[in-house]
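Pasted below: query-v8.txt, compact mmCIF, C-alpha atoms and all ligand atoms.
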```txt
# COMPACT_ATOMS: atom_id res chain seq x y z
CA MET T 1418 12.14 51.03 186.06
CA SER T 1419 10.43 49.34 189.00
CA ALA T 1420 12.11 49.42 192.42
CA VAL T 1421 13.86 46.25 193.60
CA LEU T 1422 11.43 44.30 195.75
CA ASP T 1423 12.34 43.12 199.21
CA PRO T 1424 10.53 39.74 199.22
CA VAL T 1425 10.37 39.55 203.02
CA SER T 1426 8.45 42.82 203.24
CA VAL T 1427 6.05 41.70 200.52
CA LEU T 1428 5.49 38.10 201.59
CA SER T 1429 2.86 37.35 204.24
CA ASP T 1430 3.77 37.35 207.91
CA ARG T 1431 2.46 33.80 207.85
CA VAL T 1432 5.10 32.52 205.46
CA ASN T 1433 7.86 34.69 206.90
CA ALA T 1434 7.19 33.16 210.32
CA MET T 1435 7.63 29.63 208.98
CA ALA T 1436 10.90 27.72 208.74
CA GLU T 1437 11.74 25.64 205.68
CA SER T 1438 11.43 21.86 206.18
CA ALA T 1439 14.85 20.78 207.47
CA THR T 1440 14.43 17.21 206.24
CA LEU T 1441 13.64 18.36 202.72
CA ALA T 1442 16.34 21.08 202.77
CA MET T 1443 19.04 18.58 203.73
CA THR T 1444 17.82 16.11 201.14
CA LYS T 1445 18.04 18.86 198.49
CA LYS T 1446 21.62 19.66 199.53
CA ALA T 1447 22.57 15.96 199.33
CA ARG T 1448 21.04 15.72 195.84
CA GLU T 1449 22.98 18.80 194.72
CA LEU T 1450 26.24 17.30 195.94
CA ALA T 1451 25.43 13.97 194.29
CA ALA T 1452 24.72 15.82 191.01
CA GLN T 1453 28.30 17.15 191.18
CA GLY T 1454 29.52 13.56 191.17
CA VAL T 1455 30.11 13.16 194.93
CA LYS T 1456 29.10 9.71 196.22
CA VAL T 1457 26.81 10.85 199.02
CA ILE T 1458 25.01 8.35 201.23
CA SER T 1459 21.68 9.96 202.01
CA LEU T 1460 20.32 9.19 205.44
CA SER T 1461 18.48 12.50 205.59
CA ILE T 1462 14.97 11.88 204.33
CA GLY T 1463 12.90 9.34 206.22
CA GLU T 1464 11.27 7.14 203.65
CA PRO T 1465 11.12 3.41 202.97
CA ASP T 1466 13.72 2.29 200.43
CA PHE T 1467 11.51 -0.63 199.40
CA PRO T 1468 9.23 -0.68 196.37
CA THR T 1469 5.48 -0.53 196.89
CA PRO T 1470 4.13 -4.12 197.19
CA GLN T 1471 2.98 -5.67 193.91
CA HIS T 1472 -0.73 -6.13 194.76
CA ILE T 1473 -0.97 -2.41 195.52
CA LYS T 1474 0.65 -1.44 192.23
CA ASP T 1475 -1.66 -3.85 190.39
CA ALA T 1476 -4.72 -2.18 191.92
CA ALA T 1477 -3.46 1.20 190.69
CA LYS T 1478 -2.88 -0.13 187.18
CA LYS T 1479 -6.39 -1.56 187.15
CA ALA T 1480 -7.82 1.78 188.30
CA ILE T 1481 -6.18 3.47 185.31
CA ASP T 1482 -7.40 0.81 182.89
CA ASP T 1483 -10.91 1.09 184.36
CA ASN T 1484 -10.75 4.84 183.72
CA PHE T 1485 -11.09 5.56 187.42
CA THR T 1486 -9.58 8.95 186.75
CA GLN T 1487 -12.12 11.56 187.76
CA TYR T 1488 -12.64 13.73 190.81
CA THR T 1489 -13.61 11.71 193.86
CA PRO T 1490 -15.62 12.81 196.91
CA VAL T 1491 -13.47 15.27 198.91
CA SER T 1492 -13.07 12.97 201.94
CA GLY T 1493 -12.33 9.90 199.84
CA ILE T 1494 -14.18 7.16 197.95
CA ALA T 1495 -16.69 5.09 199.90
CA ASP T 1496 -14.80 1.77 199.62
CA LEU T 1497 -11.61 3.37 200.94
CA ARG T 1498 -13.32 5.04 203.91
CA SER T 1499 -14.99 1.71 204.74
CA ALA T 1500 -11.63 -0.10 204.42
CA ILE T 1501 -10.06 2.43 206.79
CA ALA T 1502 -12.90 2.04 209.31
CA GLU T 1503 -12.43 -1.74 209.16
CA LYS T 1504 -8.64 -1.45 209.52
CA LEU T 1505 -9.03 0.81 212.57
CA ARG T 1506 -11.30 -1.79 214.18
CA ARG T 1507 -8.93 -4.65 213.30
CA ASP T 1508 -5.63 -3.05 214.30
CA ASN T 1509 -6.39 -0.20 216.65
CA ASN T 1510 -9.50 -1.06 218.63
CA LEU T 1511 -11.05 2.13 217.23
CA ASP T 1512 -14.70 2.14 216.35
CA TRP T 1513 -15.34 4.84 213.72
CA LYS T 1514 -17.76 4.95 210.81
CA PRO T 1515 -16.74 5.97 207.27
CA GLU T 1516 -18.31 9.40 207.95
CA ASN T 1517 -15.65 9.97 210.65
CA ILE T 1518 -12.82 9.50 208.19
CA VAL T 1519 -11.17 12.07 205.91
CA VAL T 1520 -8.62 10.92 203.34
CA SER T 1521 -6.03 13.52 202.30
CA THR T 1522 -2.97 14.08 200.15
CA GLY T 1523 -0.54 12.61 202.66
CA ALA T 1524 -0.64 12.69 206.45
CA LYS T 1525 1.00 16.10 206.11
CA GLN T 1526 -2.27 17.45 204.78
CA SER T 1527 -4.29 15.51 207.34
CA LEU T 1528 -2.35 17.13 210.18
CA THR T 1529 -2.59 20.59 208.64
CA ASN T 1530 -6.34 20.27 208.03
CA VAL T 1531 -6.94 19.49 211.70
CA LEU T 1532 -4.80 22.39 212.92
CA LEU T 1533 -6.55 24.80 210.55
CA ALA T 1534 -9.89 23.45 211.71
CA LEU T 1535 -9.25 23.68 215.46
CA LEU T 1536 -6.90 26.61 216.11
CA ASN T 1537 -7.63 30.27 216.58
CA PRO T 1538 -4.76 32.77 216.69
CA GLY T 1539 -2.88 32.39 219.96
CA ASP T 1540 -4.17 28.92 220.82
CA GLU T 1541 -1.40 26.82 222.31
CA VAL T 1542 -0.45 23.41 220.98
CA ILE T 1543 1.68 21.23 223.23
CA ILE T 1544 4.13 19.30 221.07
CA PHE T 1545 6.03 16.45 222.67
CA SER T 1546 9.66 17.08 221.80
CA PRO T 1547 11.83 15.87 220.08
CA TYR T 1548 9.16 16.13 217.40
CA TRP T 1549 8.82 15.76 213.67
CA VAL T 1550 10.04 19.02 212.06
CA SER T 1551 6.81 19.97 210.37
CA TYR T 1552 4.62 19.97 213.49
CA SER T 1553 5.75 23.34 214.82
CA GLU T 1554 5.60 25.00 211.41
CA MET T 1555 2.12 23.64 210.71
CA VAL T 1556 0.99 25.12 214.02
CA VAL T 1557 2.57 28.46 213.09
CA LEU T 1558 0.84 28.32 209.70
CA ALA T 1559 -2.47 27.88 211.52
CA GLU T 1560 -1.55 30.88 213.73
CA GLY T 1561 -1.26 28.77 216.85
CA VAL T 1562 1.58 28.84 219.35
CA PRO T 1563 3.79 25.73 219.58
CA VAL T 1564 4.66 24.83 223.18
CA LEU T 1565 7.48 22.31 223.25
CA VAL T 1566 7.62 19.88 226.15
CA THR T 1567 10.83 17.89 226.04
CA GLY T 1568 11.36 14.30 227.07
CA SER T 1569 14.78 13.37 228.42
CA LEU T 1570 17.20 11.00 226.70
CA GLU T 1571 17.25 9.01 229.98
CA ASN T 1572 13.51 8.36 229.46
CA ASP T 1573 14.06 7.49 225.79
CA PHE T 1574 12.98 11.06 224.97
CA LYS T 1575 9.43 10.32 226.11
CA VAL T 1576 7.44 13.07 227.82
CA THR T 1577 5.74 11.86 231.00
CA ALA T 1578 2.11 12.52 231.89
CA GLU T 1579 3.31 14.79 234.72
CA GLU T 1580 5.51 16.86 232.39
CA PHE T 1581 2.60 17.14 229.96
CA GLU T 1582 0.13 18.25 232.62
CA ALA T 1583 2.56 20.87 233.96
CA ALA T 1584 2.61 22.56 230.52
CA ILE T 1585 -1.17 22.95 230.25
CA THR T 1586 -2.52 26.51 230.41
CA PRO T 1587 -6.00 27.97 229.82
CA ARG T 1588 -4.91 28.55 226.18
CA THR T 1589 -3.99 24.92 225.50
CA LYS T 1590 -6.15 23.55 222.72
CA LEU T 1591 -4.32 20.49 221.55
CA VAL T 1592 -1.47 18.11 222.30
CA MET T 1593 0.30 16.38 219.43
CA PHE T 1594 2.91 13.66 219.13
CA SER T 1595 3.96 10.71 217.01
CA SER T 1596 4.37 7.22 218.44
CA PRO T 1597 6.42 5.47 217.16
CA CYS T 1598 8.24 8.78 217.13
CA ASN T 1599 10.00 10.53 214.31
CA PRO T 1600 12.85 11.41 215.05
CA THR T 1601 13.63 9.34 218.19
CA GLY T 1602 12.07 5.95 217.40
CA SER T 1603 10.52 5.94 220.88
CA VAL T 1604 7.24 4.15 221.35
CA PHE T 1605 4.82 4.97 224.16
CA THR T 1606 3.63 1.92 226.05
CA GLU T 1607 -0.08 1.38 226.64
CA GLU T 1608 0.44 2.26 230.30
CA GLU T 1609 2.15 5.56 229.44
CA LEU T 1610 -0.58 6.48 226.98
CA ARG T 1611 -3.29 5.63 229.51
CA LYS T 1612 -1.65 8.05 231.98
CA ILE T 1613 -1.52 10.74 229.28
CA GLY T 1614 -5.14 9.89 228.58
CA GLN T 1615 -6.01 10.51 232.24
CA VAL T 1616 -4.54 14.01 231.98
CA VAL T 1617 -6.63 14.67 228.87
CA GLU T 1618 -9.69 13.35 230.68
CA ARG T 1619 -9.13 15.88 233.51
CA HIS T 1620 -8.76 18.82 231.07
CA GLU T 1621 -11.94 18.65 229.07
CA ASN T 1622 -11.11 21.39 226.52
CA ILE T 1623 -7.98 19.70 225.24
CA PHE T 1624 -7.78 17.63 222.06
CA VAL T 1625 -5.17 15.04 221.11
CA MET T 1626 -3.58 14.56 217.71
CA ALA T 1627 -2.12 11.05 217.71
CA ASP T 1628 0.13 10.50 214.69
CA GLU T 1629 0.42 6.75 214.20
CA ILE T 1630 2.00 6.74 210.75
CA TYR T 1631 4.79 4.38 211.91
CA GLU T 1632 2.40 1.99 213.66
CA TYR T 1633 3.56 -1.12 211.80
CA ILE T 1634 7.23 -0.42 212.49
CA VAL T 1635 7.34 -1.42 216.15
CA PHE T 1636 10.07 -3.78 217.32
CA GLU T 1637 8.44 -5.09 220.48
CA GLY T 1638 4.77 -5.62 221.23
CA LYS T 1639 2.13 -3.69 219.36
CA ASN T 1640 1.17 -0.07 218.83
CA PHE T 1641 -1.54 1.16 221.24
CA SER T 1642 -3.96 3.83 220.03
CA ILE T 1643 -4.78 6.48 222.63
CA GLY T 1644 -8.06 7.09 220.77
CA SER T 1645 -9.24 3.66 221.94
CA ILE T 1646 -9.67 5.02 225.50
CA PRO T 1647 -13.48 5.47 225.56
CA SER T 1648 -13.60 8.49 227.92
CA ILE T 1649 -11.57 10.67 225.52
CA LYS T 1650 -12.41 9.04 222.18
CA ASP T 1651 -14.30 12.09 220.86
CA ARG T 1652 -11.33 14.35 221.58
CA VAL T 1653 -8.67 12.22 219.91
CA ILE T 1654 -7.86 12.69 216.24
CA THR T 1655 -6.00 9.62 214.99
CA VAL T 1656 -3.72 10.32 212.04
CA ASN T 1657 -2.27 7.65 209.81
CA GLY T 1658 -1.40 7.04 206.17
CA CYS T 1659 0.11 4.71 203.61
CA SER T 1660 3.60 6.25 203.26
CA LYS T 1661 5.51 4.23 205.85
CA GLY T 1662 3.72 0.93 206.39
CA TYR T 1663 3.24 0.16 202.69
CA ALA T 1664 6.22 2.04 201.21
CA MET T 1665 3.94 4.51 199.42
CA THR T 1666 5.53 7.92 200.07
CA GLY T 1667 5.11 9.21 196.53
CA TRP T 1668 1.48 8.14 196.23
CA ARG T 1669 0.38 10.75 198.78
CA LEU T 1670 -2.30 9.29 201.02
CA GLY T 1671 -3.00 10.10 204.63
CA TYR T 1672 -6.16 10.04 206.72
CA ILE T 1673 -7.73 11.03 210.00
CA ALA T 1674 -10.40 9.40 212.10
CA ALA T 1675 -12.20 11.80 214.42
CA ALA T 1676 -15.51 13.06 215.75
CA LYS T 1677 -17.83 13.84 212.83
CA TRP T 1678 -17.81 17.60 213.36
CA ILE T 1679 -14.00 17.61 213.13
CA ALA T 1680 -14.06 15.38 210.05
CA ASP T 1681 -16.68 17.67 208.48
CA ALA T 1682 -14.52 20.73 209.15
CA CYS T 1683 -11.52 19.04 207.50
CA ASP T 1684 -13.69 18.11 204.52
CA LYS T 1685 -14.77 21.76 204.24
CA ILE T 1686 -11.16 23.04 204.27
CA GLN T 1687 -9.90 20.38 201.88
CA GLY T 1688 -12.84 21.01 199.55
CA GLN T 1689 -11.59 24.55 199.03
CA VAL T 1690 -7.91 23.69 198.76
CA THR T 1691 -7.12 20.34 197.09
CA SER T 1692 -10.35 18.25 196.89
CA GLY T 1693 -9.96 14.49 197.18
CA THR T 1694 -6.51 12.95 196.75
CA CYS T 1695 -5.55 11.12 193.54
CA SER T 1696 -8.28 8.67 192.45
CA ILE T 1697 -5.71 6.04 191.44
CA THR T 1698 -3.89 6.31 194.77
CA GLN T 1699 -7.20 5.77 196.56
CA LYS T 1700 -7.80 2.47 194.73
CA ALA T 1701 -4.22 1.44 195.54
CA ALA T 1702 -4.86 2.30 199.19
CA VAL T 1703 -7.94 0.05 199.28
CA ALA T 1704 -5.68 -2.81 198.16
CA ALA T 1705 -3.07 -1.84 200.77
CA LEU T 1706 -5.55 -1.68 203.64
CA THR T 1707 -7.53 -4.79 202.81
CA GLY T 1708 -4.67 -6.91 201.44
CA PRO T 1709 -2.07 -9.13 203.13
CA LEU T 1710 0.48 -7.52 205.45
CA ASP T 1711 3.34 -9.89 204.58
CA ASP T 1712 5.40 -7.21 202.82
CA THR T 1713 4.74 -4.75 205.63
CA ARG T 1714 6.01 -7.31 208.17
CA LYS T 1715 9.08 -8.10 206.07
CA MET T 1716 9.95 -4.41 205.84
CA ALA T 1717 9.50 -3.98 209.59
CA GLU T 1718 11.84 -6.92 210.15
CA ALA T 1719 14.45 -5.31 207.88
CA TYR T 1720 14.14 -2.02 209.80
CA ARG T 1721 14.74 -3.90 213.06
CA ARG T 1722 17.86 -5.56 211.66
CA ARG T 1723 19.15 -2.21 210.42
CA ARG T 1724 18.37 -0.59 213.77
CA ASP T 1725 20.58 -3.23 215.42
CA LEU T 1726 23.30 -2.69 212.84
CA VAL T 1727 23.29 1.10 213.18
CA ILE T 1728 23.09 1.16 216.97
CA ALA T 1729 25.96 -1.35 217.23
CA GLY T 1730 28.02 0.82 214.85
CA LEU T 1731 27.23 4.05 216.68
CA ARG T 1732 28.18 2.44 220.00
CA GLU T 1733 31.69 2.00 218.67
CA ILE T 1734 32.08 5.73 218.11
CA PRO T 1735 33.42 7.49 221.21
CA GLY T 1736 31.41 10.23 222.88
CA LEU T 1737 27.88 9.51 221.62
CA LYS T 1738 24.85 9.14 223.87
CA ILE T 1739 22.35 6.73 222.40
CA SER T 1740 18.80 5.69 223.16
CA VAL T 1741 17.74 2.48 221.43
CA PRO T 1742 14.80 3.11 219.08
CA GLN T 1743 11.81 0.83 219.64
CA GLY T 1744 10.16 1.65 216.33
CA ALA T 1745 10.18 3.75 213.13
CA PHE T 1746 13.42 3.95 211.12
CA TYR T 1747 15.62 6.56 212.71
CA ALA T 1748 18.61 6.73 215.04
CA PHE T 1749 18.98 9.92 217.06
CA PRO T 1750 22.34 10.02 218.86
CA ASP T 1751 23.38 12.91 221.10
CA MET T 1752 26.66 14.14 219.58
CA SER T 1753 27.22 17.21 221.73
CA SER T 1754 30.62 15.94 222.91
CA TYR T 1755 31.93 16.95 219.46
CA PHE T 1756 30.72 20.55 219.76
CA GLY T 1757 33.60 22.99 220.11
CA LYS T 1758 35.96 20.73 218.12
CA SER T 1759 37.56 21.32 214.72
CA ASP T 1760 39.36 19.40 211.98
CA GLY T 1761 41.58 22.42 211.38
CA THR T 1762 39.26 23.90 208.74
CA ASN T 1763 35.71 23.39 210.01
CA VAL T 1764 34.73 24.44 213.52
CA ILE T 1765 31.77 22.50 214.89
CA LYS T 1766 29.74 24.81 217.10
CA ASN T 1767 26.45 22.91 217.07
CA ALA T 1768 24.39 20.12 215.46
CA ASP T 1769 23.76 22.19 212.31
CA ASP T 1770 27.53 22.56 211.80
CA LEU T 1771 28.02 18.88 212.51
CA ALA T 1772 25.38 17.80 209.97
CA MET T 1773 27.01 20.06 207.35
CA TYR T 1774 30.46 18.71 208.24
CA LEU T 1775 29.25 15.11 207.92
CA LEU T 1776 27.75 15.97 204.53
CA ASN T 1777 30.62 17.99 203.07
CA VAL T 1778 33.52 16.05 204.54
CA GLY T 1779 32.09 12.61 205.36
CA HIS T 1780 29.63 12.59 202.44
CA VAL T 1781 26.82 11.31 204.63
CA ALA T 1782 23.57 13.29 204.68
CA THR T 1783 21.86 13.41 208.08
CA VAL T 1784 19.59 16.02 209.64
CA SER T 1785 20.50 18.29 212.54
CA GLY T 1786 18.44 17.61 215.64
CA ALA T 1787 17.88 21.37 216.08
CA ALA T 1788 14.90 21.31 213.74
CA PHE T 1789 13.39 18.47 215.80
CA GLY T 1790 13.76 20.35 219.08
CA ALA T 1791 16.93 18.47 220.11
CA PRO T 1792 19.97 20.67 219.41
CA ASN T 1793 22.45 18.08 220.75
CA CYS T 1794 21.37 15.34 218.36
CA ILE T 1795 21.67 14.27 214.75
CA ARG T 1796 19.02 12.18 212.97
CA LEU T 1797 20.02 9.32 210.72
CA SER T 1798 17.42 7.47 208.70
CA THR T 1799 17.96 3.72 208.89
CA ALA T 1800 15.75 3.13 205.84
CA ALA T 1801 18.74 2.34 203.62
CA SER T 1802 20.55 -0.82 202.53
CA ASP T 1803 22.71 -2.65 205.08
CA GLU T 1804 25.69 -1.94 202.84
CA ASN T 1805 25.05 1.81 202.74
CA LEU T 1806 24.40 1.94 206.47
CA THR T 1807 27.66 0.13 207.24
CA GLU T 1808 29.59 2.43 204.91
CA ALA T 1809 27.85 5.52 206.35
CA ILE T 1810 28.76 4.58 209.93
CA SER T 1811 32.36 4.04 208.90
CA ARG T 1812 32.48 7.45 207.16
CA ILE T 1813 30.90 9.15 210.20
CA LYS T 1814 33.42 7.47 212.50
CA THR T 1815 36.34 8.66 210.36
CA ALA T 1816 34.98 12.20 210.03
CA LEU T 1817 34.34 12.48 213.77
CA GLY T 1818 37.78 10.99 214.48
CA ASN T 1819 39.36 13.95 212.69
CA LEU T 1820 37.73 16.44 215.06
CA LYS T 1821 40.06 17.54 217.86
N1 LIG T 1901 4.00 12.19 210.44
C1 LIG T 1901 5.25 11.80 210.66
C2 LIG T 1901 5.66 11.54 212.06
C3 LIG T 1901 6.16 11.68 209.60
O1 LIG T 1901 7.40 11.28 209.84
C4 LIG T 1901 5.73 12.00 208.31
C5 LIG T 1901 6.75 12.00 207.20
N2 LIG T 1901 6.53 11.20 206.21
C6 LIG T 1901 4.40 12.37 208.10
C7 LIG T 1901 3.56 12.47 209.20
C8 LIG T 1901 3.85 12.71 206.77
O2 LIG T 1901 3.71 11.63 205.93
P1 LIG T 1901 2.99 11.69 204.53
O3 LIG T 1901 2.61 13.11 204.25
O4 LIG T 1901 3.97 11.15 203.56
O5 LIG T 1901 1.78 10.81 204.64
N1 LIG T 1902 8.82 12.17 207.21
C1 LIG T 1902 10.00 12.10 206.46
C2 LIG T 1902 11.17 12.69 207.25
O1 LIG T 1902 11.00 13.08 208.35
C3 LIG T 1902 9.83 12.64 205.09
C4 LIG T 1902 10.30 14.03 204.78
C5 LIG T 1902 9.33 15.05 205.21
O2 LIG T 1902 8.23 15.10 204.65
O3 LIG T 1902 9.68 15.77 206.15
O4 LIG T 1902 12.25 12.68 206.75
```
Show me this structure written as structure tokens.
Amino acid sequence: MSAVLDPVSVLSDRVNAMAESATLAMTKKARELAAQGVKVISLSIGEPDFPTPQHIKDAAKKAIDDNFTQYTPVSGIADLRSAIAEKLRRDNNLDWKPENIVVSTGAKQSLTNVLLALLNPGDEVIIFSPYWVSYSEMVVLAEGVPVLVTGSLENDFKVTAEEFEAAITPRTKLVMFSSPCNPTGSVFTEEELRKIGQVVERHENIFVMADEIYEYIVFEGKNFSIGSIPSIKDRVITVNGCSKGYAMTGWRLGYIAAAKWIADACDKIQGQVTSGTCSITQKAAVAALTGPLDDTRKMAEAYRRRRDLVIAGLREIPGLKISVPQGAFYAFPDMSSYFGKSDGTNVIKNADDLAMYLLNVGHVATVSGAAFGAPNCIRLSTAASDENLTEAISRIKTALGNLK
């Protein structure tokens, strides 16, 4: 009989060092509860609740009928890379050629490719915090060291150029952030990004990973791309994708635009791991990128209305500290005034306990801020119907009201 294996001692240090995705873990828990017949409102996963626009779906159907079903070039088909280059010129003031673009299976893969391409063990990556859960774990996977630099709620959670510069060491290789930000909804202004750009300019060995996946979901003004600053252009990797702007999460398409040697390195990695993303998705993405943005604008308008609805509702709950999101589709209230309280059965010690309490007792799935680097906060996705959001806020208010 073989001895009982201890998985942790057999699994790689690499995987043992990684945390499970908190967004996906919470979504799984909510699904399990729903399968037991509980009417859970899921505000845990951040994904558009709208269908993919019709012209994009039509392009995919045509691709199937045209038998466009074979392997594609690793970095993406020529018409898609050209469409991305054109889109970057149109929307982002970024001048890249198709050869600078690598299309991947979601922005998740785009981000991971770049980290695997640039990091050596021990290289430090400054992550502006609160940050999207997967950033730190991707860095760990690539054997880098995440260095969290935290923005204050008073500054809408945004890290300042001074705070960023103070965290730089001789081991710093990269700085990464999303703007609009998941989980806070903060959006850096052009002025703020130019100041961050000046810091990068002064430290010539540092690269920037600018995740702009929520670029179309901005409630005031327009997204500014830090990569459009000429003096640092070659050191900025711009990441984007189709998931958020075109409601295409399940299609799996992300991309980077970067200096050719970085793009080539990503192509090399991807060529040994997944090859090009789905051929049909790529044709759909061409339609998304070259087609009208009416649906995208309508969705952004709905997210703004829901932001207003959720923030107004949260403001009526005592004890929360709230920063008003300027983009994306999340609310990120500080709920620490409820820590140390109990409903008689459940004791709330921290945000993890609170998220579990809201799920099990209030039947609303959220995500603890701990996984995003903000242990006082809870993240709620506002990408849900007005009706569900209103009901969720009411359930949260009742559940919190029972904590003494
Ligand atoms: N970046 C951010 C900030 C995100 O919130 C997400 C989650 N969807 C991604 C990247 C990854 O997106 P996808 O892999 O669906 O393209
Ligand atoms: N980006 C989304 C979120 O933060 C999708 C889930 C994930 O991939 O983490 O909820």
* Contacts of Trp1678 in chain T within 12 Å, all atoms listed in the file, excl. fewer than 2 positions in-chain, as a PyMOL selection string -> chain T and resi 1516-1519+1531+1534-1535+1651-1652+1654+1674-1676+1680-1685
* With all atoms listed in the file counted, collect every polymer residue having an atom within 9 Å of ligand LIG 1901 (chain T); state the result as a ChimeraX atom specification. => /T:1462-1464,1521-1528,1548-1552,1594-1600,1628-1631,1656-1661,1665-1672,1745
* Given all atoms listed in the file as the counted atoms, nearest of T:Ile1649, T:Ile1623, T:Leu1565, T:Leu1776 to Thr1589 in chain T ->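 Distance minimum relative to Thr1589 in chain T lands on T:Ile1623.
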* To do: For CA of Val1592 in chain T and CA of Leu1558 in chain T, determine how far apart the two atoms are, in Å to one decimal place.
  =>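 These two atoms are separated by 16.4 Å.
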* Which is closer to Ser1461 in chain T than all the others in T:Arg1812, T:Arg1721, T:Asn1572, T:Leu1797, using all atoms listed in the file? -> T:Leu1797
* To do: Could you check which of T:Lys1738, T:Lys1821, T:Lys1479, T:Arg1796 is closest to ligand LIG 1902 (chain T), using only C-alpha atoms and all ligand atoms?
  => T:Arg1796
* To do: Work out how far CA of Asp1711 in chain T is from CA of Thr1698 in chain T, in Å to one decimal.
  => 20.3 Å
* Asked: Do you know which residues are at most 7 Å from range 1636-1643 of chain T counting only C-alpha atoms, after dropping those on the same chain fewer than 5 positions away, and could you put them as a PyMOL selection string?
  -> chain T and resi 1509+1607+1610+1614+1721+1743-1744
* Asked: Which protein, DNA or RNA residues have an atom at most 8 Å from (12.8, 19.0, 206.7), counting all atoms listed in the file? List them as number ranges by chain.
  -> T: 1437-1443, 1462, 1550-1551, 1784, 1788
* To do: Please measure the separation of CA of Leu1771 in chain T and CA of Asp1751 in chain T, giving the value in Å to one decimal.
  =>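 Pair CA of Leu1771 in chain T / CA of Asp1751 in chain T returns 11.4 Å.
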Please put the answer as JSON: centre and edge lengths, in Å with one decimal, of a box along x, y and z that encloses all listed atoms of ligand LIG 1902 (chain T) plus 4 Å on each side.
```
{"center_x": 10.2, "center_y": 13.9, "center_z": 206.5, "size_x": 12.0, "size_y": 11.7, "size_z": 11.7}
```
* Go through T:Ser1811, T:Gln1487, T:Thr1707, T:Thr1799 one by one, measure the shortest atom-to-atom distance of each to ligand LIG 1902 (chain T) using all atoms listed in the file, and give the residue with the smallest value. =>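 Selected residue with least distance to ligand LIG 1902 (chain T): T:Thr1799.
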* Asked: Which residues come within 8 Å of Lys1590 in chain T, counting all atoms listed in the file, excluding same-chain residues fewer than 4 positions away, as a count of residues only?
  -> 8
* Would you kindly return, as a count of residues only, each protein, DNA or RNA residue with an atom no farther than 12 Å from any atom of Ala1719 in chain T, considering only C-alpha atoms and excluding same-chain residues fewer than 3 positions away? => 24
* May I ask which of the residues T:Ser1785, T:Leu1706, T:Ile1501, T:Pro1792 is the closest one to Thr1567 in chain T, counting only C-alpha atoms? =>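 Smallest distance to Thr1567 in chain T is found for T:Pro1792.
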* **Counting only C-alpha atoms, the residue of T:Asn1819, T:Asn1433, T:Thr1486, T:Ser1426 that sits nearest Gly1693 in chain T** =>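 Of T:Asn1819, T:Asn1433, T:Thr1486, T:Ser1426, the one nearest Gly1693 in chain T is T:Thr1486, counting only C-alpha atoms.
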